[in-house]
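Novice: File name start_4.cif; file contents mmCIF, C-alpha atoms (C1' of nucleotides); full text below.
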data_target
loop_
_atom_site.label_atom_id
_atom_site.label_comp_id
_atom_site.auth_asym_id
_atom_site.auth_seq_id
_atom_site.Cartn_x
_atom_site.Cartn_y
_atom_site.Cartn_z
CA MET W 1 -11.65 -15.13 27.56
CA PRO W 2 -14.75 -16.06 25.73
CA GLU W 3 -15.11 -19.62 24.54
CA LEU W 4 -18.03 -21.26 22.78
CA PRO W 5 -20.57 -20.91 25.63
CA GLU W 6 -19.85 -17.22 26.15
CA VAL W 7 -19.92 -16.47 22.41
CA GLU W 8 -23.14 -18.47 22.00
CA THR W 9 -24.73 -16.54 24.87
CA LEU W 10 -23.86 -13.31 23.09
CA ARG W 11 -25.11 -14.65 19.76
CA ARG W 12 -28.54 -15.36 21.22
CA GLU W 13 -28.72 -11.91 22.78
CA LEU W 14 -27.56 -10.22 19.56
CA ASP W 15 -30.21 -12.17 17.67
CA LYS W 16 -32.88 -10.74 19.97
CA GLU W 17 -31.56 -7.23 20.36
CA VAL W 18 -29.40 -6.24 17.43
CA VAL W 19 -30.77 -8.14 14.44
CA GLY W 20 -33.33 -5.91 12.77
CA LYS W 21 -31.65 -2.70 13.89
CA ARG W 22 -30.12 -0.19 11.50
CA VAL W 23 -26.80 1.49 12.17
CA LYS W 24 -26.84 5.25 11.87
CA THR W 25 -23.24 6.12 12.76
CA VAL W 26 -20.02 4.28 13.55
CA GLU W 27 -17.10 5.59 15.57
CA VAL W 28 -13.74 3.84 15.57
CA THR W 29 -10.84 4.64 17.89
CA GLY W 30 -7.47 3.32 16.76
CA MET W 31 -6.79 0.81 14.00
CA LYS W 32 -5.89 -2.31 15.96
CA THR W 33 -9.43 -3.70 16.24
CA ILE W 34 -10.13 -3.22 12.52
CA HIS W 35 -6.57 -3.91 11.36
CA ARG W 36 -7.71 -5.89 8.32
CA HIS W 37 -9.03 -2.65 6.84
CA THR W 38 -6.53 -0.21 5.37
CA ASN W 39 -8.22 2.75 7.04
CA ARG W 40 -11.10 3.64 9.30
CA LYS W 41 -13.20 5.04 6.50
CA SER W 42 -13.29 1.79 4.54
CA PHE W 43 -14.74 0.04 7.60
CA ILE W 44 -17.16 2.77 8.62
CA GLU W 45 -18.58 3.15 5.09
CA LYS W 46 -19.45 -0.53 4.97
CA VAL W 47 -21.39 -0.44 8.24
CA GLU W 48 -23.10 2.94 8.35
CA GLY W 49 -26.65 2.81 7.07
CA GLN W 50 -26.73 -0.99 7.22
CA LYS W 51 -29.30 -3.11 8.96
CA PHE W 52 -28.26 -6.34 10.70
CA THR W 53 -30.30 -9.17 9.22
CA ALA W 54 -28.85 -12.26 10.91
CA VAL W 55 -26.19 -13.42 13.37
CA GLU W 56 -24.46 -16.75 13.55
CA ARG W 57 -21.58 -18.25 15.46
CA ARG W 58 -18.71 -20.24 14.03
CA GLY W 59 -16.57 -21.61 16.80
CA LYS W 60 -15.60 -18.51 18.75
CA TYR W 61 -16.39 -16.14 15.85
CA LEU W 62 -19.57 -14.12 15.48
CA VAL W 63 -20.77 -13.37 11.95
CA LEU W 64 -23.42 -10.71 11.45
CA THR W 65 -25.09 -10.31 8.07
CA LEU W 66 -25.69 -6.78 6.79
CA ASP W 67 -28.48 -5.96 4.37
CA SER W 68 -25.81 -5.04 1.81
CA GLY W 69 -25.07 -8.77 1.78
CA GLU W 70 -21.66 -8.28 3.35
CA LEU W 71 -20.65 -9.86 6.66
CA LEU W 72 -19.40 -8.25 9.86
CA VAL W 73 -17.05 -10.76 11.48
CA ILE W 74 -16.18 -10.36 15.16
CA HIS W 75 -13.67 -12.24 17.32
CA LEU W 76 -13.40 -11.23 20.97
CA GLY W 77 -9.88 -12.46 21.66
CA MET W 78 -9.11 -12.61 25.38
CA SER W 79 -10.81 -9.50 26.70
CA GLY W 80 -13.33 -8.36 24.11
CA GLN W 81 -16.85 -7.38 25.19
CA LEU W 82 -19.94 -6.48 23.19
CA LEU W 83 -22.26 -4.19 25.12
CA ARG W 84 -25.65 -2.69 24.45
CA ALA W 85 -25.95 0.77 25.95
CA ALA W 86 -27.99 3.92 25.80
CA ASN W 87 -26.29 6.74 23.92
CA LYS W 88 -25.90 8.76 27.10
CA ASP W 89 -24.43 5.94 29.23
CA PRO W 90 -20.87 6.75 30.31
CA MET W 91 -18.38 5.42 27.77
CA PRO W 92 -16.14 2.73 29.26
CA LYS W 93 -12.38 2.75 28.75
CA HIS W 94 -11.13 0.86 25.69
CA ALA W 95 -14.35 1.23 23.68
CA HIS W 96 -12.76 0.87 20.24
CA VAL W 97 -15.87 0.64 18.07
CA VAL W 98 -19.23 2.26 18.82
CA MET W 99 -22.23 1.73 16.55
CA THR W 100 -25.21 3.98 17.16
CA PHE W 101 -28.53 2.64 15.90
CA THR W 102 -31.20 4.77 14.29
CA GLN W 103 -33.28 3.93 17.36
CA HIS W 104 -32.59 2.33 20.73
CA GLY W 105 -29.04 3.07 21.67
CA GLN W 106 -25.67 1.65 20.77
CA LEU W 107 -23.61 -1.48 20.36
CA ARG W 108 -20.13 -1.00 21.82
CA TYR W 109 -17.02 -3.11 21.36
CA VAL W 110 -14.73 -2.84 24.39
CA ASP W 111 -11.39 -4.64 24.50
CA PRO W 112 -8.58 -3.63 26.91
CA ARG W 113 -6.00 -6.08 25.56
CA LYS W 114 -6.88 -5.52 21.90
CA PHE W 115 -6.45 -9.18 20.97
CA GLY W 116 -9.90 -9.21 19.39
CA GLU W 117 -10.87 -7.84 16.00
CA MET W 118 -13.71 -7.12 13.63
CA PHE W 119 -13.97 -6.57 9.89
CA VAL W 120 -16.44 -6.49 7.04
CA THR W 121 -16.06 -8.81 4.10
CA ALA W 122 -18.08 -10.24 1.22
CA PRO W 123 -19.34 -13.78 1.84
CA ASP W 124 -17.32 -15.25 -1.04
CA GLU W 125 -14.12 -13.65 0.22
CA LEU W 126 -14.57 -14.90 3.74
CA THR W 127 -12.43 -17.97 3.31
CA ASN W 128 -9.66 -16.03 1.57
CA GLU W 129 -9.54 -13.35 4.16
CA VAL W 130 -9.89 -15.61 7.17
CA PRO W 131 -8.23 -18.95 6.58
CA GLU W 132 -8.77 -19.68 10.29
CA LEU W 133 -12.50 -19.59 9.61
CA ALA W 134 -12.23 -21.68 6.49
CA GLU W 135 -10.30 -24.36 8.35
CA LEU W 136 -12.55 -24.34 11.38
CA GLY W 137 -13.39 -27.80 12.70
CA VAL W 138 -16.82 -29.16 13.58
CA ASP W 139 -19.06 -27.21 15.91
CA PRO W 140 -19.88 -29.56 18.78
CA VAL W 141 -23.12 -27.75 19.60
CA GLU W 142 -24.46 -27.03 16.11
CA GLU W 143 -23.37 -30.23 14.39
CA PRO W 144 -23.77 -33.25 16.62
CA MET W 145 -21.95 -36.36 15.42
CA SER W 146 -21.91 -40.00 16.41
CA TRP W 147 -19.39 -40.99 19.06
CA THR W 148 -17.88 -43.40 16.55
CA THR W 149 -17.09 -40.51 14.19
CA PHE W 150 -15.64 -38.68 17.17
CA GLY W 151 -13.60 -41.78 17.95
CA GLU W 152 -12.17 -41.84 14.43
CA MET W 153 -11.15 -38.21 14.80
CA LEU W 154 -9.37 -39.07 18.03
CA VAL W 155 -7.61 -42.22 16.90
CA SER W 156 -6.47 -40.73 13.59
CA ARG W 157 -4.01 -38.46 15.39
CA LYS W 158 -1.49 -38.82 18.13
CA MET W 159 -1.66 -35.92 20.52
CA LYS W 160 -2.53 -35.11 24.10
CA LEU W 161 -6.25 -34.86 24.85
CA LYS W 162 -6.16 -31.22 25.94
CA ALA W 163 -4.37 -30.20 22.73
CA PHE W 164 -6.93 -32.15 20.72
CA LEU W 165 -9.88 -30.47 22.42
CA MET W 166 -8.42 -26.97 22.03
CA ASP W 167 -7.39 -27.34 18.38
CA GLN W 168 -9.87 -25.12 16.52
CA LYS W 169 -9.20 -27.00 13.28
CA ILE W 170 -10.53 -30.20 14.81
CA ILE W 171 -13.35 -29.03 17.11
CA ALA W 172 -14.26 -25.35 17.08
CA GLY W 173 -15.00 -23.35 20.21
CA ILE W 174 -13.27 -25.10 23.11
CA GLY W 175 -10.59 -23.18 25.03
CA ASN W 176 -8.67 -23.42 28.28
CA ILE W 177 -11.59 -23.43 30.72
CA TYR W 178 -13.89 -25.86 28.97
CA SER W 179 -11.18 -28.32 27.96
CA ASP W 180 -10.42 -28.79 31.67
CA GLU W 181 -14.10 -29.10 32.60
CA ILE W 182 -14.74 -31.57 29.77
CA LEU W 183 -11.77 -33.74 30.78
CA PHE W 184 -13.00 -33.84 34.37
CA ALA W 185 -16.49 -34.79 33.22
CA ALA W 186 -14.94 -37.60 31.18
CA GLY W 187 -12.64 -38.74 34.01
CA LEU W 188 -9.59 -38.36 31.78
CA ARG W 189 -6.25 -36.64 32.34
CA TYR W 190 -5.24 -33.76 30.05
CA ASP W 191 -2.06 -35.57 29.01
CA ARG W 192 -3.58 -38.86 27.91
CA MET W 193 -2.88 -39.58 24.24
CA THR W 194 -5.79 -39.51 21.78
CA ASP W 195 -4.98 -42.98 20.49
CA SER W 196 -4.89 -44.56 23.95
CA LEU W 197 -8.61 -44.43 24.76
CA SER W 198 -10.91 -47.42 25.15
CA SER W 199 -14.26 -47.19 23.38
CA GLN W 200 -15.90 -46.52 26.73
CA GLU W 201 -13.50 -43.62 27.31
CA ILE W 202 -14.19 -42.26 23.83
CA ARG W 203 -17.90 -42.26 24.62
CA ARG W 204 -17.31 -40.55 27.96
CA LEU W 205 -15.19 -37.87 26.32
CA TYR W 206 -17.72 -37.17 23.60
CA ARG W 207 -20.50 -36.97 26.17
CA GLY W 208 -18.29 -34.66 28.24
CA VAL W 209 -17.86 -32.29 25.29
CA VAL W 210 -21.55 -32.04 24.46
CA GLU W 211 -22.93 -31.98 27.99
CA THR W 212 -20.37 -29.56 29.41
CA LEU W 213 -20.88 -27.04 26.61
CA HIS W 214 -24.68 -27.26 26.76
CA ASP W 215 -24.60 -26.86 30.52
CA ALA W 216 -22.29 -23.86 30.29
CA ILE W 217 -24.58 -22.22 27.73
CA LYS W 218 -27.55 -22.88 30.01
CA TYR W 219 -25.83 -20.90 32.78
CA GLY W 220 -24.73 -18.08 30.49
CA GLY W 221 -21.01 -18.94 30.37
CA SER W 222 -18.21 -18.37 32.90
CA THR W 223 -17.14 -15.08 34.46
CA LEU W 224 -13.93 -15.31 36.47
CA GLY W 225 -12.75 -13.10 39.31
CA ASP W 226 -11.62 -10.29 37.04
CA GLY W 227 -15.16 -9.96 35.65
CA GLN W 228 -13.87 -9.72 32.10
CA TYR W 229 -16.56 -11.76 30.44
CA VAL W 230 -19.99 -10.18 30.63
CA ASP W 231 -23.01 -10.58 28.40
CA LEU W 232 -24.59 -7.98 26.13
CA HIS W 233 -26.11 -6.24 29.16
CA GLY W 234 -22.90 -6.27 31.17
CA GLU W 235 -24.09 -9.16 33.35
CA PRO W 236 -21.72 -11.94 34.42
CA GLY W 237 -22.35 -15.61 33.66
CA GLU W 238 -23.02 -18.21 36.33
CA TYR W 239 -21.27 -21.30 35.10
CA GLN W 240 -18.14 -20.57 37.17
CA GLU W 241 -20.23 -21.64 40.16
CA HIS W 242 -20.52 -25.04 38.55
CA HIS W 243 -16.84 -25.44 37.65
CA GLN W 244 -15.47 -28.76 38.86
CA VAL W 245 -11.78 -27.97 38.36
CA TYR W 246 -11.00 -24.70 36.55
CA ASP W 247 -9.65 -22.03 38.92
CA ARG W 248 -10.12 -24.41 41.88
CA GLU W 249 -6.49 -25.16 42.78
CA LYS W 250 -6.17 -26.72 46.26
CA LEU W 251 -9.94 -26.78 46.73
CA ALA W 252 -11.55 -30.15 47.42
CA CYS W 253 -12.69 -32.07 44.37
CA ARG W 254 -16.47 -31.97 44.41
CA ARG W 255 -16.55 -35.70 43.71
CA CYS W 256 -13.76 -37.21 45.85
CA ARG W 257 -12.60 -34.38 48.15
CA VAL W 258 -8.94 -34.67 47.10
CA PRO W 259 -7.41 -31.20 46.39
CA ILE W 260 -7.50 -30.05 42.77
CA VAL W 261 -4.07 -29.75 41.17
CA LYS W 262 -2.85 -26.94 38.92
CA ALA W 263 -0.28 -27.83 36.27
CA LYS W 264 1.26 -26.21 33.20
CA PHE W 265 0.39 -27.47 29.75
CA GLN W 266 1.72 -25.67 26.68
CA SER W 267 2.66 -22.80 29.02
CA ARG W 268 -0.92 -22.39 30.20
CA SER W 269 -2.73 -23.40 33.39
CA THR W 270 -4.46 -26.74 33.57
CA TYR W 271 -6.58 -27.88 36.48
CA PHE W 272 -7.48 -31.48 37.22
CA CYS W 273 -8.21 -34.06 39.90
CA GLU W 274 -5.46 -36.65 40.28
CA GLN W 275 -7.92 -39.10 41.77
CA CYS W 276 -10.91 -38.79 39.44
CA GLN W 277 -9.01 -38.36 36.16
CA VAL W 278 -6.87 -41.18 34.82
"C1'" DC M 1 3.62 -31.56 8.00
"C1'" DG M 2 3.26 -31.32 13.28
"C1'" DA M 3 4.54 -29.89 17.87
"C1'" DT M 4 6.21 -26.09 20.86
"C1'" DC M 5 7.32 -21.35 22.11
"C1'" DT M 6 6.76 -16.30 21.85
"C1'" DA M 7 4.54 -12.10 20.78
"C1'" DC M 8 0.64 -9.30 20.83
"C1'" DC M 9 -1.76 -5.82 24.96
"C1'" DT M 10 -3.62 -3.96 29.49
"C1'" DG M 11 -4.83 -4.64 34.16
"C1'" DA M 12 -5.16 -7.17 38.49
"C1'" DT M 13 -2.73 -9.32 42.11
"C1'" DG M 14 0.82 -10.76 45.30
"C1'" DG M 15 5.49 -10.64 47.33
"C1'" DC M 16 8.90 -7.79 49.24
"C1'" DT F 1 2.68 2.92 49.43
"C1'" DG F 2 5.42 1.51 45.65
"C1'" DC F 3 7.88 -1.41 42.59
"C1'" DC F 4 8.41 -5.54 40.09
"C1'" DA F 5 7.15 -10.09 38.54
"C1'" DT F 6 3.53 -13.04 37.23
"C1'" DC F 7 -0.70 -14.27 35.27
"C1'" DA F 8 -5.20 -13.92 32.44
"C1'" DG F 9 -10.78 -16.90 28.47
"C1'" DG F 10 -7.05 -16.50 22.21
"C1'" DT F 11 -4.51 -16.95 17.96
"C1'" DA F 12 -0.69 -16.38 14.49
"C1'" DG F 13 3.74 -16.85 13.23
"C1'" DA F 14 8.43 -18.29 13.92
"C1'" DT F 15 11.28 -22.04 14.82
"C1'" DC F 16 12.62 -26.31 15.36
#
Turn the structure described in the file into structure tokens.
Specialist:
Amino acid sequence: MPELPEVETLRRELDKEVVGKRVKTVEVTGMKTIHRHTNRKSFIEKVEGQKFTAVERRGKYLVLTLDSGELLVIHLGMSGQLLRAANKDPMPKHAHVVMTFTQHGQLRYVDPRKFGEMFVTAPDELTNEVPELAELGVDPVEEPMSWTTFGEMLVSRKMKLKAFLMDQKIIAGIGNIYSDEILFAAGLRYDRMTDSLSSQEIRRLYRGVVETLHDAIKYGGSTLGDGQYVDLHGEPGEYQEHHQVYDREKLACRRCRVPIVKAKFQSRSTYFCEQCQV
DNA sequence: CGATCTACCTGATGGC
DNA sequence: TGCCATCAGGTAGATC
């Protein structure tokens, strides 16, 4: 569920509300979420008593620094949520990890589908333990680049635009929703080849990436009908109200009024406008 | 090496 | 009302 804008929204909230807090106790239910640890105890021992000193985002990963120097790495998968709550608030279903602070409530990790995970690791082991993180591509929000550099990245491979945008080893943080929104913003079809773009189209695509992601962050990310993505306070985002194509099958294109089309790409849904995207 | 599919899970939704 | 199939923001691993 959560892509770069949703994870960035959470990062900013964690920075305000969790950094500086000390963990008193940790409860873990089941091993799936912390599967990289051999047992619950080895995870709990590394977190209990620790204070969070910083939080950063790498693509769709969150990395919290503990005052032991170790890192708590979190990936939300499809349905993961991080929620601040008072100790007495009713515990939601599928709360797999609950951290109680010495003061001011809890941080809860809730994840019905259990595709997400978290683990603690030393900074110098991070790349061994998480090759995905080591191979992560550029962050389009944190590390702006020139459109000519972007153009070289595009031309140097031969793949469809949507696959390029969603490849975490090339650009980190873009998933199924934002790739569609970016391609609409750029006026390009999802199945155009990376090496077929004119320089004007390259510029439009790069602008689409940066502007779409910034806009989505501004509105706190996208929450779809199932309400799965919510922020640290359980509040939905608002960017879905600004979607041009995603989840808008058969609705009129906001630009040309032609109905939005839903197609399959790599066995996933893709939405686009046949008139505005070429 | 790169491109494509399937598995991992639970829950919501729609057709019959 | 119930049953079954389908679909859902992500990624890794198998298979070609």
Novice: Kindly provide, as a PyMOL selection string, the residues of chain M having any atom no farther than 8 Å from an atom of chain W, counting all atoms listed in the file.
Specialist: chain M and resi 4+8-10+12
Novice: Taking only residues of chain F that have an atom at most 8 Å from an atom of chain W, what is each one's shortest atom pair and its distance in Å to one decimal, using only C-alpha atoms (C1' of nucleotides), in chain and number order, as JSON lines?
Specialist:
{"residue": "F:DG9", "atom": "C1'", "partner": "W:Met1", "partner_atom": "CA", "distance": 2.2}
{"residue": "F:DG10", "atom": "C1'", "partner": "W:Gly77", "partner_atom": "CA", "distance": 5.0}
{"residue": "F:DT11", "atom": "C1'", "partner": "W:Gly77", "partner_atom": "CA", "distance": 7.9}
Novice: The PyMOL selection byres ((chain W and resi 105) around 8) - which residues does that actually catch in the file I just gave you? List them as a PyMOL selection string.
Specialist: chain W and resi 84-87+100-104+106-107
Novice: Run the PyMOL selection byres ((chain M and resi 2) around 12) against the file shown and list the residues it catches, as an MDAnalysis selection string.
Specialist: (chainID W and resid 157:159) or (chainID M and resid 1 3:4) or (chainID F and resid 16)
Novice: If we count all atoms listed in the file and set the cut-off at 7 Å, which residues sit around W:Cys273, ignoring sequence neighbours fewer than 2 positions away in its own chain? Please answer as a ChimeraX atom specification.
Specialist: /W:253,260-261,275-277
Novice: Take the residues from that selection and write them out as a compact mmCIF listing (two decimals), in the frame of the given file, keeping C-alpha atoms.
Specialist:
# COMPACT_ATOMS: atom_id res chain seq x y z
CA CYS W 253 -12.69 -32.07 44.37
CA ILE W 260 -7.50 -30.05 42.77
CA VAL W 261 -4.07 -29.75 41.17
CA GLN W 275 -7.92 -39.10 41.77
CA CYS W 276 -10.91 -38.79 39.44
CA GLN W 277 -9.01 -38.36 36.16
Novice: Can you list, as a tab-separated table (two decimals) with C-alpha atoms, in the frame of the given file, the residues that the PyMOL selection byres ((chain W and resi 240) around 9) selects here?
Specialist:
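New file out.tsv:
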chain	number	residue	atom	x	y	z
W	216	ALA	CA	-22.29	-23.86	30.29
W	219	TYR	CA	-25.83	-20.90	32.78
W	221	GLY	CA	-21.01	-18.94	30.37
W	222	SER	CA	-18.21	-18.37	32.90
W	223	THR	CA	-17.14	-15.08	34.46
W	224	LEU	CA	-13.93	-15.31	36.47
W	237	GLY	CA	-22.35	-15.61	33.66
W	238	GLU	CA	-23.02	-18.21	36.33
W	239	TYR	CA	-21.27	-21.30	35.10
W	241	GLU	CA	-20.23	-21.64	40.16
W	242	HIS	CA	-20.52	-25.04	38.55
W	243	HIS	CA	-16.84	-25.44	37.65
W	244	GLN	CA	-15.47	-28.76	38.86
W	246	TYR	CA	-11.00	-24.70	36.55
W	247	ASP	CA	-9.65	-22.03	38.92
Novice: How many Å lie between atom CA of W:Tyr206 and atom CA of W:Tyr271, rounded to one decimal?
Specialist: 19.4 Å
Novice: Within 12 Å of M:DC16, counting all atoms listed in the file, which residues show up once you throw out same-chain ones fewer than 4 positions away? Write them as number ranges by chain, please.
Specialist: F: 2-5
Novice: Quick one: pull the distance between atom CA of W:Pro92 and atom C1' of M:DG11, Å, one decimal.
Specialist: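 Atom-to-atom, atom CA of W:Pro92 and atom C1' of M:DG11 are spaced 14.4 Å apart.
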Novice: Would you mind listing what lies within 10 Å of W:Pro144 as a PyMOL selection string, with only C-alpha atoms (C1' of nucleotides) counted and same-chain residues fewer than 6 positions away left out?
Specialist: chain W and resi 138+150+210
Novice: Mind filling out stretch 165-196 of chain W with N, CA and C atoms and sending it as an mmCIF file, keeping the file's coordinate frame?
Specialist:
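Below is the file rebuild_29.cif, written as the result:
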data_model
loop_
_atom_site.group_PDB
_atom_site.id
_atom_site.type_symbol
_atom_site.label_atom_id
_atom_site.label_comp_id
_atom_site.auth_asym_id
_atom_site.auth_seq_id
_atom_site.Cartn_x
_atom_site.Cartn_y
_atom_site.Cartn_z
ATOM 1 N N LEU W 165 -8.641 -31.197 22.150
ATOM 2 C CA LEU W 165 -9.880 -30.470 22.420
ATOM 3 C C LEU W 165 -9.774 -28.992 22.062
ATOM 4 N N MET W 166 -8.570 -28.414 22.245
ATOM 5 C CA MET W 166 -8.420 -26.970 22.030
ATOM 6 C C MET W 166 -8.036 -26.616 20.594
ATOM 7 N N ASP W 167 -7.778 -27.617 19.760
ATOM 8 C CA ASP W 167 -7.390 -27.340 18.380
ATOM 9 C C ASP W 167 -8.624 -26.929 17.574
ATOM 10 N N GLN W 168 -8.673 -25.654 17.191
ATOM 11 C CA GLN W 168 -9.870 -25.120 16.520
ATOM 12 C C GLN W 168 -10.097 -25.738 15.155
ATOM 13 N N LYS W 169 -9.049 -26.354 14.593
ATOM 14 C CA LYS W 169 -9.200 -27.000 13.280
ATOM 15 C C LYS W 169 -9.858 -28.367 13.394
ATOM 16 N N ILE W 170 -9.890 -28.890 14.607
ATOM 17 C CA ILE W 170 -10.530 -30.200 14.810
ATOM 18 C C ILE W 170 -11.947 -29.985 15.343
ATOM 19 N N ILE W 171 -12.045 -29.388 16.538
ATOM 20 C CA ILE W 171 -13.350 -29.030 17.110
ATOM 21 C C ILE W 171 -13.280 -27.528 17.370
ATOM 22 N N ALA W 172 -14.301 -26.806 16.965
ATOM 23 C CA ALA W 172 -14.260 -25.350 17.080
ATOM 24 C C ALA W 172 -14.975 -24.880 18.333
ATOM 25 N N GLY W 173 -14.311 -24.051 19.121
ATOM 26 C CA GLY W 173 -15.000 -23.350 20.210
ATOM 27 C C GLY W 173 -14.513 -23.660 21.612
ATOM 28 N N ILE W 174 -13.710 -24.712 21.770
ATOM 29 C CA ILE W 174 -13.270 -25.100 23.110
ATOM 30 C C ILE W 174 -11.935 -24.431 23.427
ATOM 31 N N GLY W 175 -11.820 -23.824 24.604
ATOM 32 C CA GLY W 175 -10.590 -23.180 25.030
ATOM 33 C C GLY W 175 -10.099 -23.741 26.350
ATOM 34 N N ASN W 176 -9.380 -22.922 27.092
ATOM 35 C CA ASN W 176 -8.670 -23.420 28.280
ATOM 36 C C ASN W 176 -9.606 -23.820 29.423
ATOM 37 N N ILE W 177 -10.670 -23.080 29.626
ATOM 38 C CA ILE W 177 -11.590 -23.430 30.720
ATOM 39 C C ILE W 177 -12.325 -24.721 30.406
ATOM 40 N N TYR W 178 -12.973 -24.745 29.248
ATOM 41 C CA TYR W 178 -13.890 -25.860 28.970
ATOM 42 C C TYR W 178 -13.152 -27.154 28.656
ATOM 43 N N SER W 179 -11.922 -27.070 28.154
ATOM 44 C CA SER W 179 -11.180 -28.320 27.960
ATOM 45 C C SER W 179 -10.957 -28.995 29.317
ATOM 46 N N ASP W 180 -10.632 -28.212 30.335
ATOM 47 C CA ASP W 180 -10.420 -28.790 31.670
ATOM 48 C C ASP W 180 -11.721 -29.372 32.237
ATOM 49 N N GLU W 181 -12.809 -28.637 32.068
ATOM 50 C CA GLU W 181 -14.100 -29.100 32.600
ATOM 51 C C GLU W 181 -14.569 -30.365 31.875
ATOM 52 N N ILE W 182 -14.343 -30.403 30.569
ATOM 53 C CA ILE W 182 -14.740 -31.570 29.770
ATOM 54 C C ILE W 182 -13.936 -32.797 30.210
ATOM 55 N N LEU W 183 -12.621 -32.604 30.399
ATOM 56 C CA LEU W 183 -11.770 -33.740 30.780
ATOM 57 C C LEU W 183 -12.139 -34.265 32.167
ATOM 58 N N PHE W 184 -12.524 -33.366 33.060
ATOM 59 C CA PHE W 184 -13.000 -33.840 34.370
ATOM 60 C C PHE W 184 -14.283 -34.646 34.210
ATOM 61 N N ALA W 185 -15.205 -34.098 33.429
ATOM 62 C CA ALA W 185 -16.490 -34.790 33.220
ATOM 63 C C ALA W 185 -16.269 -36.185 32.643
ATOM 64 N N ALA W 186 -15.221 -36.304 31.811
ATOM 65 C CA ALA W 186 -14.940 -37.600 31.180
ATOM 66 C C ALA W 186 -14.077 -38.493 32.052
ATOM 67 N N GLY W 187 -13.526 -37.956 33.146
ATOM 68 C CA GLY W 187 -12.640 -38.740 34.010
ATOM 69 C C GLY W 187 -11.302 -39.050 33.377
ATOM 70 N N LEU W 188 -10.843 -38.130 32.513
ATOM 71 C CA LEU W 188 -9.590 -38.360 31.780
ATOM 72 C C LEU W 188 -8.585 -37.251 32.059
ATOM 73 N N ARG W 189 -7.304 -37.632 32.138
ATOM 74 C CA ARG W 189 -6.250 -36.640 32.340
ATOM 75 C C ARG W 189 -5.972 -35.876 31.046
ATOM 76 N N TYR W 190 -5.508 -34.615 31.210
ATOM 77 C CA TYR W 190 -5.240 -33.760 30.050
ATOM 78 C C TYR W 190 -4.120 -34.310 29.170
ATOM 79 N N ASP W 191 -3.230 -35.119 29.771
ATOM 80 C CA ASP W 191 -2.060 -35.570 29.010
ATOM 81 C C ASP W 191 -2.180 -37.003 28.479
ATOM 82 N N ARG W 192 -3.370 -37.566 28.572
ATOM 83 C CA ARG W 192 -3.580 -38.860 27.910
ATOM 84 C C ARG W 192 -3.486 -38.664 26.406
ATOM 85 N N MET W 193 -3.000 -39.698 25.693
ATOM 86 C CA MET W 193 -2.880 -39.580 24.240
ATOM 87 C C MET W 193 -4.204 -39.971 23.571
ATOM 88 N N THR W 194 -4.501 -39.288 22.469
ATOM 89 C CA THR W 194 -5.790 -39.510 21.780
ATOM 90 C C THR W 194 -5.964 -40.959 21.326
ATOM 91 N N ASP W 195 -4.848 -41.619 21.022
ATOM 92 C CA ASP W 195 -4.980 -42.980 20.490
ATOM 93 C C ASP W 195 -4.898 -44.056 21.591
ATOM 94 N N SER W 196 -5.016 -43.597 22.859
ATOM 95 C CA SER W 196 -4.890 -44.560 23.950
ATOM 96 C C SER W 196 -6.249 -44.880 24.590
#
